[in-house]
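Peer 1: Below is the file structure11.txt, which contains compact mmCIF, C-alpha atoms and all ligand atoms.
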```txt
# COMPACT_ATOMS: atom_id res chain seq x y z
CA MET A 165 -6.11 48.50 9.23
CA LYS A 166 -2.97 50.57 9.66
CA LEU A 167 -0.47 49.68 12.34
CA LYS A 168 2.16 51.87 13.96
CA ASN A 169 5.26 50.54 12.26
CA ILE A 170 8.94 50.74 13.01
CA GLU A 171 10.38 51.71 9.65
CA LYS A 172 10.69 55.44 10.30
CA LEU A 173 11.51 55.42 13.98
CA ASN A 174 14.77 56.80 15.25
CA LEU A 175 16.04 53.77 17.11
CA LYS A 176 19.63 54.71 17.70
CA SER A 177 20.70 53.76 21.26
CA LYS A 178 17.12 52.96 22.20
CA THR A 179 16.36 49.74 24.02
CA VAL A 180 13.60 47.73 22.42
CA LEU A 181 11.52 45.09 24.15
CA LEU A 182 10.70 42.74 21.28
CA ARG A 183 7.96 40.14 21.80
CA VAL A 184 8.64 37.22 19.49
CA ASP A 185 7.15 33.76 19.19
CA PHE A 186 9.90 31.19 19.74
CA ASP A 187 7.40 28.52 20.80
CA VAL A 188 9.07 25.64 18.93
CA SER A 189 9.28 21.90 19.61
CA ILE A 190 12.39 20.79 21.47
CA LYS A 191 13.80 17.28 21.22
CA ASN A 192 16.93 16.03 23.01
CA GLY A 193 17.80 19.60 23.95
CA GLY A 194 17.67 20.84 20.35
CA VAL A 195 15.25 22.79 18.18
CA VAL A 196 13.28 20.46 15.89
CA ASP A 197 12.24 23.06 13.31
CA GLY A 198 13.61 26.58 13.42
CA ALA A 199 11.17 28.15 10.96
CA ARG A 200 9.38 30.14 13.65
CA ILE A 201 12.66 31.51 14.96
CA ILE A 202 13.93 32.42 11.50
CA SER A 203 10.70 34.23 10.67
CA HIS A 204 11.62 36.95 13.19
CA LEU A 205 15.11 37.58 11.79
CA PRO A 206 14.06 40.41 9.47
CA THR A 207 12.72 42.40 12.43
CA ILE A 208 15.69 41.57 14.68
CA ASN A 209 18.24 42.43 12.01
CA PHE A 210 16.45 45.65 11.14
CA LEU A 211 16.61 46.77 14.78
CA LEU A 212 20.29 45.88 15.11
CA LYS A 213 21.09 47.72 11.90
CA GLN A 214 19.38 50.79 13.31
CA LYS A 215 21.69 50.49 16.33
CA ALA A 216 18.94 49.67 18.78
CA LYS A 217 19.56 47.42 21.75
CA VAL A 218 17.24 44.43 21.69
CA ILE A 219 15.65 42.39 24.47
CA LEU A 220 13.97 39.32 23.03
CA ILE A 221 11.05 37.95 25.04
CA SER A 222 9.03 34.83 24.28
CA HIS A 223 7.17 31.92 25.80
CA LEU A 224 7.70 28.23 25.07
CA GLY A 225 5.01 25.64 25.78
CA ARG A 226 2.82 25.72 28.84
CA PRO A 227 4.92 25.62 32.02
CA GLN A 228 1.95 26.84 34.13
CA GLY A 229 3.65 29.84 35.69
CA MET A 230 6.49 27.78 37.20
CA ILE A 231 10.14 27.25 36.36
CA ASP A 232 10.34 23.99 34.44
CA GLU A 233 13.60 23.23 32.59
CA LYS A 234 11.66 21.21 30.02
CA TYR A 235 10.33 24.50 28.70
CA SER A 236 13.56 26.46 28.86
CA LEU A 237 14.40 28.75 25.94
CA LYS A 238 18.07 27.73 26.18
CA PRO A 239 17.93 25.43 23.13
CA VAL A 240 16.47 28.35 21.19
CA PHE A 241 19.36 30.51 22.41
CA TYR A 242 21.95 28.01 21.11
CA TYR A 243 20.11 27.84 17.80
CA LEU A 244 19.86 31.61 17.43
CA LYS A 245 23.40 32.30 18.58
CA LYS A 246 24.61 30.76 15.33
CA LYS A 247 22.78 33.51 13.49
CA ILE A 248 23.30 36.45 15.86
CA LYS A 249 26.88 36.92 17.04
CA ASN A 250 26.48 38.97 20.21
CA LEU A 251 23.42 37.27 21.57
CA GLU A 252 23.43 36.55 25.31
CA PHE A 253 20.96 34.60 27.44
CA PHE A 254 19.62 35.55 30.86
CA ASN A 255 17.45 33.77 33.35
CA ASN A 256 14.79 36.16 34.36
CA ASN A 257 14.25 36.51 38.04
CA PHE A 258 12.58 39.77 37.15
CA ASP A 259 14.42 41.91 39.62
CA ASN A 260 16.64 44.95 39.44
CA ALA A 261 19.73 42.78 39.21
CA LEU A 262 18.60 41.66 35.77
CA LYS A 263 18.21 45.26 34.69
CA GLU A 264 21.82 45.96 35.65
CA LYS A 265 23.11 42.81 33.98
CA ILE A 266 21.58 43.46 30.59
CA LYS A 267 22.05 47.22 30.56
CA ASP A 268 24.85 47.45 28.05
CA LYS A 269 24.26 44.29 26.06
CA PRO A 270 23.52 44.75 22.36
CA ILE A 271 21.05 41.84 22.22
CA VAL A 272 19.74 39.43 24.83
CA LEU A 273 17.19 36.65 25.04
CA LEU A 274 15.34 36.28 28.34
CA GLU A 275 14.14 32.96 29.72
CA ASN A 276 10.55 31.76 29.12
CA LEU A 277 8.02 34.45 30.06
CA ARG A 278 5.58 31.81 31.25
CA PHE A 279 7.93 30.77 34.05
CA ASN A 280 6.35 33.77 35.73
CA PRO A 281 2.71 33.46 36.82
CA GLY A 282 2.13 37.12 35.94
CA GLU A 283 2.49 36.50 32.20
CA GLU A 284 -0.69 34.55 31.51
CA LYS A 285 -2.63 36.59 34.08
CA ASN A 286 -1.89 39.79 32.19
CA ASP A 287 -0.50 41.04 35.48
CA LYS A 288 0.17 44.77 35.58
CA LYS A 289 3.15 44.55 37.92
CA PHE A 290 4.85 42.02 35.70
CA ALA A 291 4.07 44.08 32.60
CA LYS A 292 5.44 47.20 34.31
CA PHE A 293 8.63 45.38 35.15
CA LEU A 294 9.08 44.25 31.54
CA ALA A 295 8.40 47.79 30.37
CA SER A 296 10.99 49.19 32.79
CA LEU A 297 13.73 47.35 30.89
CA ALA A 298 13.24 49.28 27.65
CA ASN A 299 12.30 52.52 25.90
CA LEU A 300 9.80 51.03 23.51
CA TYR A 301 7.87 47.85 22.84
CA ILE A 302 7.49 45.98 19.58
CA ASN A 303 5.11 43.08 19.04
CA ASP A 304 6.24 40.66 16.33
CA ALA A 305 4.36 37.66 17.67
CA PHE A 306 1.15 37.41 15.69
CA ALA A 307 0.50 33.87 16.93
CA VAL A 308 -0.09 35.09 20.50
CA SER A 309 -1.80 38.36 19.66
CA HIS A 310 -5.22 36.88 20.51
CA ARG A 311 -3.99 36.30 24.09
CA LYS A 312 -4.49 38.79 26.89
CA HIS A 313 -1.08 38.16 28.35
CA ALA A 314 1.25 40.62 30.08
CA SER A 315 3.89 40.63 27.31
CA VAL A 316 1.24 41.12 24.61
CA SER A 317 -1.47 43.24 26.18
CA ALA A 318 -0.71 44.90 29.56
CA VAL A 319 2.84 45.91 28.59
CA THR A 320 1.47 48.24 25.89
CA GLN A 321 0.06 50.48 28.64
CA TYR A 322 3.52 51.33 29.85
CA LEU A 323 5.58 51.82 26.67
CA PRO A 324 5.13 53.35 23.23
CA SER A 325 4.12 50.26 21.22
CA TYR A 326 4.69 49.28 17.61
CA ALA A 327 4.17 46.40 15.18
CA GLY A 328 7.18 44.39 14.06
CA LEU A 329 7.84 43.57 10.41
CA LEU A 330 6.50 40.02 10.63
CA LEU A 331 3.36 41.07 12.45
CA GLU A 332 2.75 43.78 9.87
CA LYS A 333 3.12 41.27 7.06
CA GLU A 334 0.60 38.94 8.69
CA ILE A 335 -1.99 41.67 9.13
CA LYS A 336 -1.44 42.96 5.61
CA ASN A 337 -1.93 39.54 4.03
CA LEU A 338 -4.95 38.60 6.10
CA THR A 339 -6.61 42.00 5.71
CA GLU A 340 -6.09 41.96 1.95
CA VAL A 341 -8.30 38.93 1.35
CA ILE A 342 -11.03 40.36 3.55
CA ILE A 343 -11.20 43.82 2.03
CA LYS A 344 -10.41 42.81 -1.55
CA PRO A 345 -12.20 39.52 -1.93
CA TYR A 346 -11.49 38.23 -5.44
CA HIS A 347 -13.80 35.48 -6.67
CA PRO A 348 -14.15 32.55 -6.66
CA PHE A 349 -13.29 32.85 -2.96
CA ILE A 350 -12.96 29.37 -1.52
CA VAL A 351 -12.53 28.40 2.11
CA LEU A 352 -11.26 24.93 2.93
CA MET A 353 -11.80 23.92 6.53
CA GLY A 354 -10.98 20.75 8.36
CA GLY A 355 -9.35 19.55 11.54
CA ALA A 356 -11.19 19.33 14.81
CA LYS A 357 -12.56 21.95 17.25
CA ILE A 358 -15.79 23.03 15.57
CA SER A 359 -16.53 25.36 18.50
CA THR A 360 -13.55 27.58 17.70
CA LYS A 361 -13.99 27.27 13.95
CA MET A 362 -17.72 27.97 13.71
CA PRO A 363 -17.44 31.74 14.36
CA VAL A 364 -14.86 31.97 11.56
CA LEU A 365 -17.09 30.01 9.22
CA LYS A 366 -19.92 32.42 10.00
CA THR A 367 -17.86 35.48 9.09
CA LEU A 368 -16.19 33.91 6.07
CA ALA A 369 -19.54 32.66 4.76
CA ARG A 370 -20.43 36.29 4.03
CA LYS A 371 -17.35 36.71 1.83
CA ALA A 372 -16.69 33.26 0.41
CA ASP A 373 -18.45 31.61 -2.52
CA GLN A 374 -18.00 28.10 -1.18
CA ILE A 375 -16.85 26.55 2.05
CA LEU A 376 -15.43 23.08 1.58
CA VAL A 377 -15.49 21.13 4.81
CA GLY A 378 -13.51 18.00 5.64
CA GLY A 379 -11.80 16.45 8.65
CA ALA A 380 -13.54 15.86 11.93
CA LEU A 381 -15.32 19.17 11.35
CA ALA A 382 -17.41 17.47 8.69
CA ASN A 383 -18.47 14.84 11.24
CA ASP A 384 -20.21 17.51 13.29
CA LEU A 385 -22.03 18.72 10.21
CA PHE A 386 -22.99 15.20 9.15
CA LYS A 387 -24.40 14.74 12.62
CA ALA A 388 -26.36 17.97 12.37
CA GLU A 389 -27.81 16.72 9.07
CA GLY A 390 -28.97 13.54 10.76
CA TYR A 391 -26.33 11.14 9.38
CA ASN A 392 -25.05 8.23 11.41
CA ILE A 393 -21.39 8.93 12.26
CA GLY A 394 -20.73 5.89 14.45
CA GLN A 395 -17.74 6.39 16.74
CA SER A 396 -16.23 9.18 14.67
CA PHE A 397 -14.63 12.11 16.46
CA SER A 398 -17.00 15.00 16.99
CA GLU A 399 -17.59 17.61 19.67
CA SER A 400 -20.56 16.59 21.75
CA HIS A 401 -22.76 19.69 21.63
CA ASP A 402 -25.02 20.45 18.70
CA VAL A 403 -23.86 22.89 16.09
CA GLU A 404 -26.18 25.44 14.65
CA ILE A 405 -25.79 26.04 10.93
CA ASN A 406 -27.36 29.24 9.69
CA LYS A 407 -28.83 29.66 6.20
CA THR A 408 -25.88 31.50 4.65
CA ILE A 409 -23.48 28.82 5.78
CA LYS A 410 -25.80 26.05 4.67
CA ARG A 411 -26.09 27.49 1.18
CA LYS A 412 -22.33 27.71 0.75
CA ILE A 413 -21.10 24.60 2.45
CA VAL A 414 -19.83 21.70 0.36
CA LEU A 415 -19.71 18.51 2.42
CA PRO A 416 -17.80 15.35 1.46
CA LYS A 417 -19.69 12.95 -0.81
CA ASP A 418 -17.62 9.98 0.27
CA VAL A 419 -15.41 9.21 3.24
CA VAL A 420 -12.80 6.70 4.36
CA ILE A 421 -14.01 4.70 7.33
CA LYS A 422 -12.31 2.23 9.60
CA THR A 423 -14.30 -0.67 11.00
CA GLU A 424 -12.87 -3.35 13.24
CA ASP A 425 -11.44 -5.37 10.37
CA LYS A 426 -11.38 -3.06 7.35
CA ILE A 427 -10.62 0.33 5.91
CA GLN A 428 -12.95 1.34 3.10
CA ASN A 429 -13.97 4.26 0.93
CA ILE A 430 -17.77 4.58 1.09
CA LYS A 431 -20.50 7.01 0.03
CA VAL A 432 -21.81 9.24 2.79
CA ASP A 433 -25.35 8.14 1.88
CA SER A 434 -24.52 4.58 2.84
CA LEU A 435 -23.21 5.43 6.33
CA SER A 436 -26.43 4.18 7.89
CA ARG A 437 -25.53 0.62 6.84
CA TYR A 438 -22.54 0.50 9.15
CA LYS A 439 -22.40 0.14 12.87
CA ASP A 440 -19.03 0.33 14.57
CA PHE A 441 -16.87 2.65 12.53
CA LYS A 442 -14.89 5.86 12.50
CA ILE A 443 -14.74 8.37 9.67
CA LEU A 444 -11.04 9.18 9.34
CA ASP A 445 -10.61 10.89 5.97
CA ILE A 446 -12.40 12.35 2.97
CA GLY A 447 -12.92 9.96 0.06
CA LYS A 448 -11.48 9.91 -3.47
CA GLN A 449 -14.56 11.41 -5.11
CA THR A 450 -14.54 14.23 -2.59
CA ILE A 451 -10.93 15.09 -3.44
CA GLN A 452 -12.06 15.38 -7.08
CA LEU A 453 -15.06 17.46 -6.05
CA PHE A 454 -12.94 19.83 -3.94
CA ALA A 455 -10.41 20.02 -6.78
CA LYS A 456 -13.05 21.56 -9.08
CA TYR A 457 -13.46 24.47 -6.70
CA LEU A 458 -9.82 24.82 -5.69
CA GLU A 459 -8.50 24.79 -9.27
CA ASN A 460 -10.53 27.83 -10.31
CA ALA A 461 -10.28 29.77 -7.09
CA LYS A 462 -8.81 33.28 -6.91
CA ILE A 463 -8.62 33.17 -3.13
CA ILE A 464 -8.11 30.07 -1.02
CA ILE A 465 -8.08 30.14 2.76
CA TRP A 466 -7.15 26.79 4.24
CA ASN A 467 -7.22 25.70 7.85
CA GLY A 468 -7.43 22.17 9.18
CA PRO A 469 -6.38 18.77 7.77
CA MET A 470 -8.94 16.66 5.87
CA GLY A 471 -8.47 13.61 8.06
CA LEU A 472 -6.37 11.87 10.65
CA PHE A 473 -3.30 12.76 8.57
CA GLU A 474 -0.79 11.57 11.18
CA GLU A 475 -1.79 7.97 10.42
CA LYS A 476 -1.49 6.29 7.04
CA PRO A 477 -3.54 5.81 4.88
CA PHE A 478 -5.73 8.58 6.36
CA ASP A 479 -3.28 11.21 5.10
CA GLN A 480 -4.44 10.73 1.51
CA GLY A 481 -7.23 13.32 1.58
CA THR A 482 -4.95 15.98 3.03
CA ARG A 483 -2.12 15.10 0.65
CA GLY A 484 -4.61 15.29 -2.21
CA VAL A 485 -5.73 18.82 -1.40
CA VAL A 486 -2.16 19.98 -0.74
CA LYS A 487 -1.23 18.93 -4.29
CA ILE A 488 -4.23 20.68 -5.80
CA ILE A 489 -3.68 23.87 -3.83
CA ALA A 490 0.04 23.97 -4.73
CA ARG A 491 -0.86 23.72 -8.43
CA ASN A 492 -3.03 26.85 -8.35
CA LYS A 493 -0.63 29.67 -9.28
CA LYS A 494 -3.18 32.43 -9.76
CA ALA A 495 -4.99 32.34 -6.45
CA LYS A 496 -3.96 34.23 -3.35
CA ILE A 497 -3.55 31.37 -0.90
CA ILE A 498 -3.55 31.72 2.87
CA ILE A 499 -2.73 28.73 5.03
CA GLY A 500 -2.77 28.68 8.81
CA GLY A 501 -3.10 26.40 11.81
CA GLY A 502 -0.48 24.48 13.76
CA ASP A 503 -1.28 21.11 12.19
CA THR A 504 -2.22 22.48 8.79
CA ILE A 505 1.13 24.13 8.12
CA THR A 506 2.97 20.91 8.92
CA CYS A 507 0.94 19.33 6.09
CA PHE A 508 1.92 22.03 3.62
CA LYS A 509 5.65 21.46 3.37
CA GLN A 510 6.74 22.62 -0.06
CA LYS A 511 10.32 22.73 -1.24
CA SER A 512 9.97 26.26 -2.50
CA LEU A 513 7.09 28.46 -1.59
CA LYS A 514 5.39 30.29 -4.44
CA PRO A 515 4.86 34.03 -3.97
CA ASN A 516 1.08 33.63 -4.11
CA VAL A 517 1.13 31.46 -0.97
CA PHE A 518 1.16 33.01 2.47
CA ILE A 519 1.68 30.78 5.47
CA SER A 520 0.40 32.45 8.59
CA THR A 521 2.32 31.88 11.81
CA GLY A 522 -0.93 32.12 13.73
CA GLY A 523 -3.38 29.28 14.25
CA GLY A 524 -5.94 30.51 16.75
CA ALA A 525 -4.88 34.11 16.14
CA MET A 526 -5.43 33.79 12.40
CA LEU A 527 -8.88 32.29 12.88
CA GLU A 528 -9.92 34.96 15.37
CA PHE A 529 -8.58 37.73 13.17
CA LEU A 530 -10.38 36.37 10.11
CA SER A 531 -13.59 36.07 12.10
CA GLY A 532 -13.49 39.84 12.49
CA LYS A 533 -12.41 40.08 16.12
CA MET A 534 -10.12 42.87 17.24
CA LEU A 535 -7.24 41.03 18.89
CA PRO A 536 -6.03 42.36 22.26
CA GLY A 537 -2.41 42.39 21.05
CA ILE A 538 -3.24 44.27 17.83
CA LYS A 539 -5.57 46.98 19.14
CA PRO A 540 -2.86 48.94 21.00
CA LEU A 541 -0.78 49.03 17.80
CA LEU A 542 -3.38 50.72 15.61
CA LYS A 543 -2.35 54.00 14.05
CA ASN A 544 -5.49 56.01 14.68
CA LYS A 545 -7.09 54.57 17.68
P1 LIG B 601 -4.95 23.15 13.09
O1 LIG B 601 -3.95 22.88 14.18
O2 LIG B 601 -4.33 23.19 11.74
O3 LIG B 601 -5.83 24.33 13.37
P2 LIG B 601 -6.80 21.27 14.24
O4 LIG B 601 -5.99 21.26 15.49
O5 LIG B 601 -8.15 21.89 14.29
O6 LIG B 601 -5.96 21.88 13.03
O7 LIG B 601 -7.03 19.77 13.76
C1 LIG B 601 -6.01 18.87 13.49
C2 LIG B 601 -6.29 17.53 14.09
O8 LIG B 601 -7.56 17.04 13.64
C3 LIG B 601 -5.27 16.53 13.66
O9 LIG B 601 -4.68 15.95 14.80
C4 LIG B 601 -6.06 15.50 12.87
O10 LIG B 601 -5.61 14.17 13.04
C5 LIG B 601 -7.43 15.66 13.44
N1 LIG B 601 -8.48 15.15 12.55
C6 LIG B 601 -8.80 15.60 11.34
N2 LIG B 601 -9.79 14.86 10.79
C7 LIG B 601 -10.07 13.89 11.68
C8 LIG B 601 -11.00 12.81 11.73
N3 LIG B 601 -11.83 12.56 10.72
N4 LIG B 601 -11.01 12.04 12.83
C9 LIG B 601 -10.18 12.28 13.86
N5 LIG B 601 -9.28 13.28 13.88
C10 LIG B 601 -9.23 14.07 12.81
MG MG B 602 -3.99 21.84 16.05
```
Starting from the file, lay out its structure as structure tokens.
Peer 2:
Amino acid sequence: MKLKNIEKLNLKSKTVLLRVDFDVSIKNGGVVDGARIISHLPTINFLLKQKAKVILISHLGRPQGMIDEKYSLKPVFYYLKKKIKNLEFFNNNFDNALKEKIKDKPIVLLENLRFNPGEEKNDKKFAKFLASLANLYINDAFAVSHRKHASVSAVTQYLPSYAGLLLEKEIKNLTEVIIKPYHPFIVLMGGAKISTKMPVLKTLARKADQILVGGALANDLFKAEGYNIGQSFSESHDVEINKTIKRKIVLPKDVVIKTEDKIQNIKVDSLSRYKDFKILDIGKQTIQLFAKYLENAKIIIWNGPMGLFEEKPFDQGTRGVVKIIARNKKAKIIIGGGDTITCFKQKSLKPNVFISTGGGAMLEFLSGKMLPGIKPLLKNK
């Protein structure tokens, strides 16, 4: 998959509309973790060095198409201003006055795109307005590229459109494991939301040697196998497991359950002896079992925590696999998912580890879907 990239463009005095993903958590008016913002700096700095004028556009949270100060990008502006001298911030009333105001500015950040109802509706008028501000459009926001939103999809109809450096890196890393699948190829899946993860499992089952399943995802599969899962979290509808998946899936052998008065590590085969309980983590033997596969893997794709990791001691399974994965220096490791990447905080990232900025987008891309934000950026479409 080759994308139209920006490296050889003549950008001098051109105005670039750059879609970034500054969707970060805000607490007491400040940015909690700036990693997402920082990840776009290579693209921003490249454009500035080429003497382009830059209009940064992003969403933050879900303000439902209305102005809501809680979701303002102002805290992001103050954060970024420390790194980019000339940066200015503008509320976007999306009118001609804005156009005049930003005309000669070297770099500006506009207020939350989702304050406008047109954004999430992929509205043409809104997209046209955004396009009218610039000479070309660059998408650097992989994490929203599975969304049919005006600043990701419709806008590409009105401007020459290119992939930013971060977006290119994402696609390169994710494509690599799909077209050059080294073996053993191990997928580790957990978390919740089996309905969104099942299509990915189906596609990856064709490439992977084993699919290790933990988290609430395993509960759905236990249920499908006829096990008693008590009050454990699972999505209500039945999941269909085809033969290829069944052959490759490795389910936990033991789990950590919580009953009214106790937390205990039990064998999955003995689940039927319990009544009121919740499965909240994978067990110790399962960590060992998963370790056998993860230690020898040449490719590891990981999405989804192994248990209710936000609550001790149910973080042990996830912490266990994080340690094992971090020890594997020869595998190409891809980690993605909003919750998953918060679990994989390493002091220094090894070059064989790629942390995707996309959760849903990564899963959809890996399941073989052509994302609406990527299609317009293809070289030979
Ligand atoms: P990601 O954001 O990385 O894609 P998900 O959103 O699919 O991951 O899943 C993460 C959530 O799943 C976490 O909030 C975690 O507590 C929850 N979870 C994982 N295992 C269990 C479990 N056994 N019971 C209840 N919740 C679980
Ligand atoms: Mg999540």
Peer 1: Quick one: residues within 9 Å of Ala199 (chain A), only C-alpha atoms counted, chain neighbours fewer than 3 positions away excluded, as JSON, numbers by chain?
Peer 2: {"A": [188, 202, 203]}
Peer 1: Using only C-alpha atoms, which residue out of A:Leu167, A:Ile219, A:Val486, A:Ala318 lies closest to Leu331 (chain A)?
Peer 2: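 Distance minimum relative to Leu331 (chain A) lands on A:Leu167.
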Peer 1: What is the distance, in Å and to one decimal place, between CA of Asn280 (chain A) and atom MG of ligand MG 602 (chain B)?
Peer 2: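 Between CA of Asn280 (chain A) and atom MG of ligand MG 602 (chain B) the gap works out to 25.2 Å.
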Peer 1: Could you please extract the residues within 9 Å of ligand LIG 601 (chain B), counting only C-alpha atoms and all ligand atoms, and hand them back as a ChimeraX atom specification?
Peer 2: /A:353-358,360-361,378-383,396-398,419-421,442-446,466-475,478-479,499-507,523-524,527
Peer 1: Excluding Ala455 (chain A) and any residue of its chain fewer than 4 positions from it, enumerate the residues within 9 Å of it, using all atoms listed in the file, and give them as a VMD selection string.
Peer 2: chain A and resid 450 to 451 459 to 460 484 to 485 488 to 489
Peer 1: Have region 490-501 of chain A completed to N, CA, C and O atoms, please, and pass it along as a PDB file, keeping the file's coordinate frame.
Peer 2:
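Result went into rebuild.pdb, see below:
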```pdb
ATOM      1  N   ALA A 490      -1.303  23.547  -4.274  1.00  0.00           N
ATOM      2  CA  ALA A 490       0.040  23.970  -4.730  1.00  0.00           C
ATOM      3  C   ALA A 490       0.072  24.211  -6.237  1.00  0.00           C
ATOM      4  O   ALA A 490       0.916  24.954  -6.725  1.00  0.00           O
ATOM      5  N   ARG A 491      -0.830  23.556  -6.964  1.00  0.00           N
ATOM      6  CA  ARG A 491      -0.860  23.720  -8.430  1.00  0.00           C
ATOM      7  C   ARG A 491      -1.508  25.036  -8.864  1.00  0.00           C
ATOM      8  O   ARG A 491      -1.312  25.490  -9.982  1.00  0.00           O
ATOM      9  N   ASN A 492      -2.328  25.608  -7.980  1.00  0.00           N
ATOM     10  CA  ASN A 492      -3.030  26.850  -8.350  1.00  0.00           C
ATOM     11  C   ASN A 492      -2.090  28.049  -8.186  1.00  0.00           C
ATOM     12  O   ASN A 492      -1.767  28.461  -7.083  1.00  0.00           O
ATOM     13  N   LYS A 493      -1.638  28.595  -9.334  1.00  0.00           N
ATOM     14  CA  LYS A 493      -0.630  29.670  -9.280  1.00  0.00           C
ATOM     15  C   LYS A 493      -1.276  31.048  -9.329  1.00  0.00           C
ATOM     16  O   LYS A 493      -0.600  32.053  -9.175  1.00  0.00           O
ATOM     17  N   LYS A 494      -2.579  31.105  -9.619  1.00  0.00           N
ATOM     18  CA  LYS A 494      -3.180  32.430  -9.760  1.00  0.00           C
ATOM     19  C   LYS A 494      -3.969  32.875  -8.534  1.00  0.00           C
ATOM     20  O   LYS A 494      -4.305  34.053  -8.412  1.00  0.00           O
ATOM     21  N   ALA A 495      -4.225  31.953  -7.631  1.00  0.00           N
ATOM     22  CA  ALA A 495      -4.990  32.340  -6.450  1.00  0.00           C
ATOM     23  C   ALA A 495      -4.086  32.905  -5.365  1.00  0.00           C
ATOM     24  O   ALA A 495      -2.920  32.543  -5.267  1.00  0.00           O
ATOM     25  N   LYS A 496      -4.636  33.801  -4.572  1.00  0.00           N
ATOM     26  CA  LYS A 496      -3.960  34.230  -3.350  1.00  0.00           C
ATOM     27  C   LYS A 496      -4.312  33.163  -2.312  1.00  0.00           C
ATOM     28  O   LYS A 496      -5.487  32.914  -2.048  1.00  0.00           O
ATOM     29  N   ILE A 497      -3.298  32.510  -1.780  1.00  0.00           N
ATOM     30  CA  ILE A 497      -3.550  31.370  -0.900  1.00  0.00           C
ATOM     31  C   ILE A 497      -3.052  31.662   0.512  1.00  0.00           C
ATOM     32  O   ILE A 497      -1.905  32.060   0.695  1.00  0.00           O
ATOM     33  N   ILE A 498      -3.938  31.494   1.475  1.00  0.00           N
ATOM     34  CA  ILE A 498      -3.550  31.720   2.870  1.00  0.00           C
ATOM     35  C   ILE A 498      -3.744  30.428   3.653  1.00  0.00           C
ATOM     36  O   ILE A 498      -4.826  29.833   3.632  1.00  0.00           O
ATOM     37  N   ILE A 499      -2.678  29.992   4.300  1.00  0.00           N
ATOM     38  CA  ILE A 499      -2.730  28.730   5.030  1.00  0.00           C
ATOM     39  C   ILE A 499      -2.329  28.981   6.473  1.00  0.00           C
ATOM     40  O   ILE A 499      -1.331  29.651   6.744  1.00  0.00           O
ATOM     41  N   GLY A 500      -3.119  28.481   7.403  1.00  0.00           N
ATOM     42  CA  GLY A 500      -2.770  28.680   8.810  1.00  0.00           C
ATOM     43  C   GLY A 500      -3.277  27.560   9.687  1.00  0.00           C
ATOM     44  O   GLY A 500      -4.153  26.784   9.281  1.00  0.00           O
ATOM     45  N   GLY A 501      -2.711  27.468  10.877  1.00  0.00           N
ATOM     46  CA  GLY A 501      -3.100  26.400  11.810  1.00  0.00           C
ATOM     47  C   GLY A 501      -1.905  25.519  12.081  1.00  0.00           C
ATOM     48  O   GLY A 501      -1.218  25.119  11.142  1.00  0.00           O
TER      49      GLY A 501
END
```
